[in-house]
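The file data-v3.txt comes next; it holds compact mmCIF, C-alpha atoms.
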```txt
# COMPACT_ATOMS: atom_id res chain seq x y z
CA MET A 1 50.12 205.17 84.75
CA SER A 2 48.16 207.58 86.89
CA SER A 3 48.98 206.66 90.47
CA ASP A 4 50.34 203.61 92.21
CA SER A 5 48.74 202.13 95.30
CA VAL A 6 50.81 203.68 98.10
CA GLN A 7 48.89 206.18 100.21
CA PRO A 8 51.35 207.77 102.64
CA SER A 9 50.16 208.05 106.22
CA ARG A 10 49.61 211.31 108.07
CA TRP A 11 52.10 211.29 110.94
CA GLU A 12 50.68 212.27 114.33
CA LYS A 13 52.22 215.35 115.86
CA GLY A 14 53.53 215.14 119.41
CA VAL A 15 55.56 217.38 121.63
CA SER A 16 57.86 220.13 120.35
CA ARG A 17 60.99 221.52 121.94
CA GLN A 18 62.90 224.62 121.01
CA LEU A 19 66.39 223.93 119.66
CA ALA A 20 67.34 227.52 118.86
CA SER A 21 65.81 230.99 118.82
CA THR A 22 67.06 233.76 116.56
CA ARG A 23 65.90 237.19 115.43
CA VAL A 24 64.40 235.83 112.20
CA PHE A 25 63.23 232.30 113.03
CA ASP A 26 63.18 229.62 115.73
CA VAL A 27 64.28 226.03 115.26
CA GLN A 28 62.09 223.35 116.79
CA GLY A 29 62.41 219.62 117.24
CA VAL A 30 58.91 218.27 116.66
CA GLY A 31 57.97 214.78 117.80
CA TYR A 32 55.96 212.68 115.36
CA ARG A 33 54.54 209.15 115.46
CA HIS A 34 53.76 207.06 112.41
CA PRO A 35 50.22 205.69 112.92
CA VAL A 36 50.92 202.36 111.20
CA ARG A 37 54.61 201.68 111.69
CA GLY A 38 54.54 203.02 115.26
CA ALA A 39 57.90 204.68 114.69
CA GLU A 40 58.53 207.76 116.81
CA ARG A 41 60.88 210.39 115.44
CA GLU A 42 61.84 213.98 116.03
CA PHE A 43 61.94 216.19 112.93
CA VAL A 44 63.52 219.62 112.65
CA VAL A 45 61.23 222.51 111.74
CA ILE A 46 62.17 226.14 111.14
CA ASP A 47 59.41 228.23 112.68
CA ALA A 48 59.29 231.52 110.80
CA PRO A 49 56.74 234.27 110.16
CA ASP A 50 55.11 234.48 106.75
CA TRP A 51 56.86 236.53 104.09
CA VAL A 52 55.68 238.69 101.20
CA ASN A 53 57.29 239.36 97.81
CA VAL A 54 55.99 242.01 95.45
CA VAL A 55 55.74 242.14 91.67
CA ALA A 56 55.44 245.90 91.13
CA VAL A 57 54.78 246.89 87.53
CA THR A 58 55.01 250.47 86.33
CA PRO A 59 52.53 251.99 83.84
CA ASP A 60 55.12 251.43 81.05
CA HIS A 61 55.52 247.73 81.95
CA GLN A 62 58.76 247.81 83.88
CA MET A 63 59.19 245.66 86.97
CA VAL A 64 60.76 247.08 90.13
CA PHE A 65 63.91 245.27 91.32
CA VAL A 66 66.18 245.67 94.32
CA ARG A 67 69.78 244.61 94.81
CA GLN A 68 71.15 243.92 98.28
CA PHE A 69 74.07 242.22 99.94
CA ARG A 70 72.70 238.94 101.27
CA PHE A 71 74.37 237.33 104.25
CA GLY A 72 73.11 233.80 103.54
CA ILE A 73 75.03 233.56 100.27
CA ASP A 74 77.66 236.19 101.24
CA ALA A 75 77.00 237.95 97.93
CA PHE A 76 74.71 240.42 96.16
CA SER A 77 71.32 239.34 94.86
CA TRP A 78 68.80 240.89 92.46
CA GLU A 79 65.33 240.43 93.92
CA ILE A 80 61.89 241.98 93.99
CA PRO A 81 60.89 243.98 97.08
CA GLY A 82 59.61 242.01 100.03
CA GLY A 83 60.06 241.08 103.63
CA VAL A 84 58.49 239.77 106.78
CA ILE A 85 54.76 240.16 107.36
CA GLU A 86 54.18 241.64 110.79
CA ARG A 87 51.98 239.85 113.29
CA GLY A 88 48.35 240.43 112.34
CA GLU A 89 49.28 242.35 109.19
CA ASP A 90 47.39 241.67 105.96
CA PRO A 91 49.68 240.23 103.26
CA LEU A 92 48.58 242.80 100.69
CA ALA A 93 49.15 245.68 103.10
CA ALA A 94 52.53 244.19 103.97
CA GLY A 95 53.42 244.04 100.28
CA LEU A 96 52.53 247.69 99.71
CA ARG A 97 54.45 248.65 102.86
CA GLU A 98 57.61 246.73 101.91
CA LEU A 99 57.47 248.09 98.36
CA GLU A 100 57.26 251.65 99.60
CA GLU A 101 59.89 251.28 102.34
CA GLU A 102 62.46 249.55 100.17
CA THR A 103 61.96 251.42 96.90
CA GLY A 104 59.79 254.51 97.32
CA PHE A 105 57.32 253.07 94.79
CA VAL A 106 53.65 253.16 95.64
CA GLY A 107 50.72 251.52 93.91
CA ARG A 108 47.00 252.09 94.00
CA SER A 109 46.14 248.54 94.97
CA ALA A 110 47.57 245.10 95.51
CA ARG A 111 46.26 241.64 94.81
CA LEU A 112 47.44 238.13 95.52
CA LEU A 113 49.15 236.18 92.72
CA GLY A 114 49.44 233.11 94.94
CA SER A 115 51.05 231.73 98.07
CA VAL A 116 53.88 229.23 98.26
CA ASN A 117 55.73 227.18 100.85
CA PRO A 118 59.42 228.15 100.90
CA ASN A 119 60.24 224.61 102.06
CA PRO A 120 57.45 222.21 103.14
CA ALA A 121 59.98 219.70 104.49
CA ILE A 122 61.67 221.96 107.05
CA MET A 123 59.86 225.33 107.20
CA ASN A 124 56.35 226.01 108.47
CA ASN A 125 55.79 229.38 106.86
CA ARG A 126 54.37 230.67 103.62
CA CYS A 127 55.40 233.39 101.22
CA HIS A 128 52.63 235.44 99.65
CA LEU A 129 53.29 236.80 96.18
CA VAL A 130 51.57 240.09 95.55
CA LEU A 131 51.01 242.07 92.35
CA VAL A 132 50.98 245.86 92.42
CA ASP A 133 49.97 247.42 89.09
CA ASP A 134 50.66 251.01 88.04
CA ALA A 135 53.46 251.43 90.56
CA VAL A 136 55.12 254.83 90.55
CA CYS A 137 58.06 256.20 92.50
CA THR A 138 56.75 259.08 94.59
CA VAL A 139 58.09 258.81 98.11
CA LYS A 140 61.46 258.55 99.82
CA GLN A 141 62.79 255.13 100.76
CA SER A 142 62.71 254.23 104.45
CA TRP A 143 65.22 251.49 105.18
CA ASP A 144 65.69 249.37 108.25
CA PRO A 145 68.98 250.17 110.06
CA ASP A 146 71.07 247.52 108.27
CA GLU A 147 69.44 247.87 104.84
CA GLU A 148 71.15 249.41 101.83
CA ILE A 149 69.26 248.86 98.64
CA GLU A 150 69.89 249.61 94.97
CA VAL A 151 66.61 250.09 93.12
CA ARG A 152 66.08 249.73 89.40
CA THR A 153 63.32 248.95 86.99
CA LEU A 154 63.59 246.42 84.22
CA PRO A 155 61.28 245.72 81.26
CA VAL A 156 59.19 242.71 82.21
CA ALA A 157 60.45 240.62 79.29
CA GLU A 158 64.03 241.24 80.45
CA ALA A 159 63.13 240.09 83.95
CA TYR A 160 62.20 236.70 82.48
CA ASP A 161 65.51 236.67 80.59
CA TRP A 162 67.31 237.31 83.89
CA ALA A 163 65.39 234.42 85.46
CA HIS A 164 66.34 232.02 82.70
CA ASP A 165 69.99 233.05 82.37
CA GLY A 166 70.74 232.83 86.09
CA ARG A 167 71.00 236.52 86.98
CA ILE A 168 68.00 236.08 89.28
CA THR A 169 68.52 233.08 91.57
CA HIS A 170 66.25 233.75 94.56
CA SER A 171 63.75 230.92 94.67
CA LEU A 172 60.82 233.04 95.87
CA VAL A 173 61.46 235.76 93.29
CA LEU A 174 61.40 233.12 90.57
CA ASN A 175 58.08 231.90 92.03
CA ALA A 176 56.63 235.38 91.65
CA LEU A 177 57.71 235.45 88.00
CA LEU A 178 56.06 232.07 87.36
CA LEU A 179 52.78 233.11 88.98
CA PHE A 180 52.81 236.51 87.27
CA ALA A 181 53.25 234.96 83.79
CA PRO A 182 49.52 234.57 82.95
CA ARG A 183 48.81 238.17 83.99
CA TRP A 184 51.82 239.35 81.94
CA SER A 185 50.43 237.56 78.86
CA GLU A 186 47.23 239.59 79.27
CA LEU A 187 49.04 242.87 79.92
CA LYS A 188 51.34 242.68 76.92
CA ALA A 189 48.63 241.53 74.48
CA PRO A 190 47.61 244.23 71.99
CA ARG A 191 44.33 245.84 73.03
CA MET B 192 64.41 255.09 85.27
CA SER B 193 67.14 252.51 84.94
CA SER B 194 69.01 252.59 88.23
CA ASP B 195 69.45 255.08 91.02
CA SER B 196 72.80 255.99 92.46
CA VAL B 197 73.00 253.78 95.54
CA GLN B 198 75.60 251.04 95.31
CA PRO B 199 75.25 248.79 98.36
CA SER B 200 78.48 247.88 100.11
CA ARG B 201 79.85 244.37 100.42
CA TRP B 202 79.89 243.61 104.14
CA GLU B 203 83.13 242.08 105.45
CA LYS B 204 82.73 238.63 106.95
CA GLY B 205 84.14 238.00 110.39
CA VAL B 206 83.91 235.22 112.90
CA SER B 207 81.12 232.61 112.93
CA ARG B 208 79.73 230.69 115.87
CA GLN B 209 77.44 227.70 115.81
CA LEU B 210 74.00 228.36 117.28
CA ALA B 211 72.48 224.95 116.58
CA SER B 212 73.31 221.70 114.85
CA THR B 213 70.67 219.36 113.45
CA ARG B 214 70.51 216.34 111.17
CA VAL B 215 69.62 218.46 108.13
CA PHE B 216 71.32 221.81 108.70
CA ASP B 217 73.34 223.87 111.14
CA VAL B 218 72.51 227.39 112.26
CA GLN B 219 75.36 229.87 112.49
CA GLY B 220 75.71 233.37 113.78
CA VAL B 221 78.03 235.08 111.33
CA GLY B 222 79.75 238.33 112.24
CA TYR B 223 79.82 241.05 109.58
CA ARG B 224 81.24 244.57 109.44
CA HIS B 225 79.97 247.30 107.15
CA PRO B 226 83.04 248.82 105.45
CA VAL B 227 81.65 252.36 105.37
CA ARG B 228 79.28 252.62 108.29
CA GLY B 229 81.59 250.60 110.52
CA ALA B 230 78.56 248.83 112.00
CA GLU B 231 79.27 245.34 113.35
CA ARG B 232 76.41 242.87 113.37
CA GLU B 233 75.78 239.18 113.69
CA PHE B 234 73.48 237.66 111.06
CA VAL B 235 71.84 234.24 111.20
CA VAL B 236 72.74 231.79 108.44
CA ILE B 237 71.35 228.29 107.89
CA ASP B 238 74.27 226.15 106.74
CA ALA B 239 72.85 223.32 104.63
CA PRO B 240 74.12 220.98 101.93
CA ASP B 241 73.07 221.60 98.34
CA TRP B 242 69.85 220.01 97.15
CA VAL B 243 68.66 218.59 93.85
CA ASN B 244 65.17 218.50 92.32
CA VAL B 245 64.39 216.49 89.21
CA VAL B 246 62.06 217.16 86.30
CA ALA B 247 61.63 213.64 84.94
CA VAL B 248 59.67 213.46 81.69
CA THR B 249 58.42 210.18 80.23
CA PRO B 250 58.50 209.42 76.48
CA ASP B 251 54.77 210.32 76.30
CA HIS B 252 55.38 213.72 77.98
CA GLN B 253 54.21 212.98 81.47
CA MET B 254 56.09 214.42 84.44
CA VAL B 255 56.90 212.27 87.48
CA PHE B 256 55.48 213.54 90.78
CA VAL B 257 55.71 212.35 94.36
CA ARG B 258 53.42 213.02 97.32
CA GLN B 259 54.74 212.85 100.86
CA PHE B 260 53.78 213.96 104.33
CA ARG B 261 55.94 217.00 105.08
CA PHE B 262 56.81 217.82 108.66
CA GLY B 263 57.55 221.53 108.05
CA ILE B 264 53.98 222.28 106.99
CA ASP B 265 52.43 219.30 108.89
CA ALA B 266 50.61 218.32 105.69
CA PHE B 267 50.95 216.44 102.40
CA SER B 268 52.72 218.02 99.45
CA TRP B 269 52.92 217.20 95.74
CA GLU B 270 56.50 217.61 94.59
CA ILE B 271 59.00 216.37 92.06
CA PRO B 272 61.64 213.86 93.21
CA GLY B 273 64.69 215.29 94.92
CA GLY B 274 66.80 215.41 98.01
CA VAL B 275 70.15 216.18 99.51
CA ILE B 276 73.29 215.95 97.38
CA GLU B 277 75.86 213.85 99.18
CA ARG B 278 79.30 215.26 99.91
CA GLY B 279 81.33 215.17 96.70
CA GLU B 280 78.43 213.88 94.64
CA ASP B 281 77.78 215.35 91.20
CA PRO B 282 74.38 217.14 91.07
CA LEU B 283 73.31 215.23 87.93
CA ALA B 284 74.25 211.90 89.48
CA ALA B 285 72.41 212.90 92.64
CA GLY B 286 69.32 213.73 90.59
CA LEU B 287 69.34 210.36 88.84
CA ARG B 288 69.89 208.63 92.19
CA GLU B 289 67.05 210.44 93.98
CA LEU B 290 64.72 209.86 91.04
CA GLU B 291 65.42 206.14 91.08
CA GLU B 292 65.29 205.75 94.88
CA GLU B 293 62.06 207.68 95.34
CA THR B 294 60.12 206.57 92.27
CA GLY B 295 61.77 203.63 90.51
CA PHE B 296 62.08 205.74 87.35
CA VAL B 297 65.38 205.76 85.52
CA GLY B 298 66.55 207.94 82.67
CA ARG B 299 69.34 207.67 80.15
CA SER B 300 70.92 211.01 81.02
CA ALA B 301 70.47 214.14 83.07
CA ARG B 302 71.26 217.76 82.39
CA LEU B 303 71.11 220.94 84.41
CA LEU B 304 68.14 223.28 83.91
CA GLY B 305 69.61 225.79 86.35
CA SER B 306 70.60 226.37 89.96
CA VAL B 307 68.80 228.57 92.46
CA ASN B 308 69.29 229.89 95.98
CA PRO B 309 66.50 228.64 98.25
CA ASN B 310 66.93 231.79 100.35
CA PRO B 311 69.89 234.14 99.78
CA ALA B 312 69.09 236.10 102.94
CA ILE B 313 69.35 233.25 105.44
CA MET B 314 70.53 230.07 103.67
CA ASN B 315 73.94 229.43 102.14
CA ASN B 316 73.03 226.50 99.91
CA ARG B 317 71.87 226.02 96.36
CA CYS B 318 69.30 223.77 94.77
CA HIS B 319 70.17 222.31 91.38
CA LEU B 320 67.29 221.64 89.01
CA VAL B 321 67.90 218.69 86.76
CA LEU B 322 66.05 217.46 83.67
CA VAL B 323 65.82 213.75 82.92
CA ASP B 324 64.26 213.01 79.53
CA ASP B 325 62.76 209.66 78.50
CA ALA B 326 62.29 208.52 82.08
CA VAL B 327 60.77 205.05 82.47
CA CYS B 328 59.76 203.11 85.55
CA THR B 329 61.89 199.98 85.60
CA VAL B 330 63.25 199.40 89.08
CA LYS B 331 61.87 199.04 92.58
CA GLN B 332 61.77 202.08 94.86
CA SER B 333 64.33 202.21 97.65
CA TRP B 334 63.13 204.52 100.40
CA ASP B 335 64.98 205.94 103.37
CA PRO B 336 63.66 204.54 106.69
CA ASP B 337 61.11 207.30 107.32
CA GLU B 338 60.04 207.78 103.70
CA GLU B 339 56.65 206.79 102.32
CA ILE B 340 56.01 208.12 98.87
CA GLU B 341 53.07 208.10 96.48
CA VAL B 342 54.26 208.27 92.88
CA ARG B 343 52.22 209.42 89.92
CA THR B 344 52.75 210.89 86.52
CA LEU B 345 50.92 213.91 85.21
CA PRO B 346 50.76 215.35 81.69
CA VAL B 347 53.18 218.27 81.61
CA ALA B 348 50.47 220.82 80.74
CA GLU B 349 48.52 219.69 83.82
CA ALA B 350 51.59 220.17 86.00
CA TYR B 351 51.59 223.84 85.01
CA ASP B 352 47.86 224.00 85.84
CA TRP B 353 48.66 222.56 89.27
CA ALA B 354 51.35 225.21 89.76
CA HIS B 355 49.02 228.05 88.87
CA ASP B 356 45.98 226.84 90.83
CA GLY B 357 47.90 226.21 94.06
CA ARG B 358 48.00 222.42 94.12
CA ILE B 359 51.80 222.61 93.89
CA THR B 360 53.14 225.03 96.50
CA HIS B 361 56.76 223.94 97.02
CA SER B 362 58.92 226.88 96.04
CA LEU B 363 61.74 224.80 94.53
CA VAL B 364 59.35 222.61 92.54
CA LEU B 365 57.81 225.75 91.07
CA ASN B 366 61.34 226.90 90.19
CA ALA B 367 61.90 223.70 88.25
CA LEU B 368 58.68 224.29 86.29
CA LEU B 369 59.76 227.84 85.44
CA LEU B 370 63.20 226.76 84.23
CA PHE B 371 61.79 223.78 82.32
CA ALA B 372 59.28 225.97 80.41
CA PRO B 373 61.53 226.82 77.42
CA ARG B 374 62.45 223.15 76.97
CA TRP B 375 58.78 222.18 77.23
CA SER B 376 57.91 224.66 74.46
CA GLU B 377 60.41 222.85 72.23
CA LEU B 378 59.23 219.36 73.22
CA LYS B 379 55.55 219.99 72.62
CA ALA B 380 56.05 221.81 69.32
CA PRO B 381 54.96 219.79 66.27
CA ARG B 382 57.98 218.31 64.50
```

Show how you would write the structure in this file as C-alpha cells.
Amino acid sequence: MSSDSVQPSRWEKGVSRQLASTRVFDVQGVGYRHPVRGAEREFVVIDAPDWVNVVAVTPDHQMVFVRQFRFGIDAFSWEIPGGVIERGEDPLAAGLRELEEETGFVGRSARLLGSVNPNPAIMNNRCHLVLVDDAVCTVKQSWDPDEEIEVRTLPVAEAYDWAHDGRITHSLVLNALLLFAPRWSELKAPR
Amino acid sequence: MSSDSVQPSRWEKGVSRQLASTRVFDVQGVGYRHPVRGAEREFVVIDAPDWVNVVAVTPDHQMVFVRQFRFGIDAFSWEIPGGVIERGEDPLAAGLRELEEETGFVGRSARLLGSVNPNPAIMNNRCHLVLVDDAVCTVKQSWDPDEEIEVRTLPVAEAYDWAHDGRITHSLVLNALLLFAPRWSELKAPR
C-alpha cells in the first residue's frame, strides 16, 4: 500500500483572539473553517518565538552539555545549549551567542543541521538546530538573572548512549542528536 | 574537561495560579524560590496530559504514517499516529488505540521505546514512544469529529531519509525515529 484516497482539506484561517499572554509565549484561540464540511471551530495555538539548540563539538570530539533546573518538569535536565532567538536575529548568530553565554565556549563558525517544529498541532514556532565545530572554552559565562548552569563535555558516542538510555529526555536535544548523526559518521571515520 | 564546579540549586516550588484553561492544556504561573539566592519568581508552565506516538511497522518493514492539517503551523504535517493518553490509560494501550483509530492498523503487541519530555522548560508532560511490530490494516478508521487523516506506509529506510531531508519536522516523531534506530538495525540485519 502506498497511500489511500483521503486527501485532508486545508482549513481556512479566520479570526484570532488572545487567551493568555506570558513572558515566554502567548496563547491564541484561532478560528478555522473546514472548506468542505463547513464546520467552524476555534483551535488553541501557542504563539512563541523561534528557538535555537546548539551541537557544539570540541576538537577532540566531545559535545558540550548543560544541566539546569527546569521549571516545566520541576527537575534537572541535561541538554545542549540553546534558547530564544531574538527578533530579527539570525539563527546561526543566535546559536553562537547562546553557546557563549551559557557555557563560555566559542566556535569559529556555525551551520544549520535542520529545523524542526516543536509541536505542529499546538505551537507555531520552529527550533533551529545548529552545529558548531571546533568549539573551545575561552570566555566567561554570562547568564541571565535566573540562570544557573552546570557545563560539561561528553564524548559524542556517550551522548548517544545518554539519549538511548533515558538520561537525555529533552525532545529538541534528541532532535539535534538525530540530525547530527550523519555528520558524526563522517567525523569519526578514519581519515 | 569533564565538569566544572557549578552545581545548580533545586528551586523550591510554591503556590501556583491558573493563567488560562483550554481544551488541550492549562497554563499555570508557578511560584518558585531559589534556596540560596532567595529570589522569588513566577515561571510559566503548560500543564498537559501525557501523549503517545506510535512506530508501527508492517511485516514487510514499512512504517505507518499519517498526514493531517495542523493548526499550530497552519500547514500539513507528516507524522506517525499518536495522541493524548486518557486519564488512567496505559501508554501501550493508548498507542494501540490511537494507531487503530487513526489508521485502521492493528498490532499484536506494543512495547515502550522510551519516554521524552516535549519541553522540560515550559511543559510538565511526557510523550511515550511505542513500538508496534507486525502491524496490519484490518479495521476501519474511527476519527474524532475534526480529524481527517491521510494514511500511508513508507519503507523504514525512506522514513529516515524524510527525517534528514526535512519532510518530517515534528519533534516528537523525530524522537521516535531516533529511539527506534537500534531496533531497526536488528530488524534489517540478515538472519

So what do you get for CA of Val27 (chain A) versus CA of Thr213 (chain B), distance-wise?
9.4 Å

Env of region 60-72 of chain A: 7 Å cut, atoms = only C-alpha atoms, seq-sep filter 4 positions within chain, self excluded. Answer as a short mmCIF file (atom, residue, chain, number, x, y, z; two decimals) with C-alpha atoms, in the frame of the given file.
```
data_model
loop_
_atom_site.label_atom_id
_atom_site.label_comp_id
_atom_site.auth_asym_id
_atom_site.auth_seq_id
_atom_site.Cartn_x
_atom_site.Cartn_y
_atom_site.Cartn_z
CA VAL A 55 55.74 242.14 91.67
CA ALA A 56 55.44 245.90 91.13
CA PHE A 76 74.71 240.42 96.16
CA SER A 77 71.32 239.34 94.86
CA TRP A 78 68.80 240.89 92.46
CA GLU A 79 65.33 240.43 93.92
CA ILE A 80 61.89 241.98 93.99
CA PRO A 81 60.89 243.98 97.08
CA GLU A 148 71.15 249.41 101.83
CA ILE A 149 69.26 248.86 98.64
CA GLU A 150 69.89 249.61 94.97
CA VAL A 151 66.61 250.09 93.12
CA ARG A 152 66.08 249.73 89.40
CA THR A 153 63.32 248.95 86.99
CA LEU A 154 63.59 246.42 84.22
CA PRO A 155 61.28 245.72 81.26
CA VAL A 156 59.19 242.71 82.21
CA PRO B 199 75.25 248.79 98.36
CA ARG B 201 79.85 244.37 100.42
CA PHE B 234 73.48 237.66 111.06
CA VAL B 236 72.74 231.79 108.44
CA PRO B 311 69.89 234.14 99.78
CA ALA B 312 69.09 236.10 102.94
CA ILE B 313 69.35 233.25 105.44
CA MET B 314 70.53 230.07 103.67
CA ASN B 315 73.94 229.43 102.14
#
```

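Taking only C-alpha atoms into account, Leu96 (chain A) lies nearest to A:Asn53 out of the set A:Leu174, A:Asn53, A:Thr58, A:Trp143.
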
Within 7 Å of (71.3, 220.3, 100.0) in the file's own coordinates, which protein, DNA or RNA residues have an atom, counting all atoms listed in the file? List them as a VMD selection string.
chain B and resid 239 to 243 274 to 276 316 to 318

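Comparing A:Lys140, A:Pro145, A:Glu102, A:Ala181 by their smallest distance to Tyr160 (chain A), the closest is A:Ala181 (using only C-alpha atoms).
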
If we count all atoms listed in the file and set the cut-off at 7 Å, which residues sit around Phe105 (chain A), ignoring sequence neighbours fewer than 5 positions away in its own chain? Please answer as an mmCIF file with C-alpha atoms, keeping the file's coordinate frame.
```
data_model
loop_
_atom_site.group_PDB
_atom_site.id
_atom_site.type_symbol
_atom_site.label_atom_id
_atom_site.label_comp_id
_atom_site.auth_asym_id
_atom_site.auth_seq_id
_atom_site.Cartn_x
_atom_site.Cartn_y
_atom_site.Cartn_z
ATOM 1 C CA LEU A 99 57.470 248.090 98.360
ATOM 2 C CA GLU A 100 57.260 251.650 99.600
ATOM 3 C CA ALA A 135 53.460 251.430 90.560
ATOM 4 C CA VAL A 136 55.120 254.830 90.550
ATOM 5 C CA CYS A 137 58.060 256.200 92.500
ATOM 6 C CA THR A 138 56.750 259.080 94.590
ATOM 7 C CA VAL A 139 58.090 258.810 98.110
#
```

How many Å lie between CA of Pro91 (chain A) and CA of Pro118 (chain A), rounded to one decimal?
15.7 Å

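The space between CA of Arg23 (chain A) and CA of Ala176 (chain A) spans 25.6 Å.
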
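Every protein, DNA or RNA residue with an atom at most 8 Å from Ala20 (chain A), where only C-alpha atoms count and chain neighbours fewer than 3 positions away do not, is listed here: A:Asp26, A:Val27, A:Gln28, B:Leu210, B:Ala211.
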
Within 12 Å of Lys204 (chain B), counting all atoms listed in the file, which residues qualify if same-chain residues fewer than 4 places away don't, as a PyMOL selection string?
(chain A and resi 69-75) or (chain B and resi 220-226+231-234)
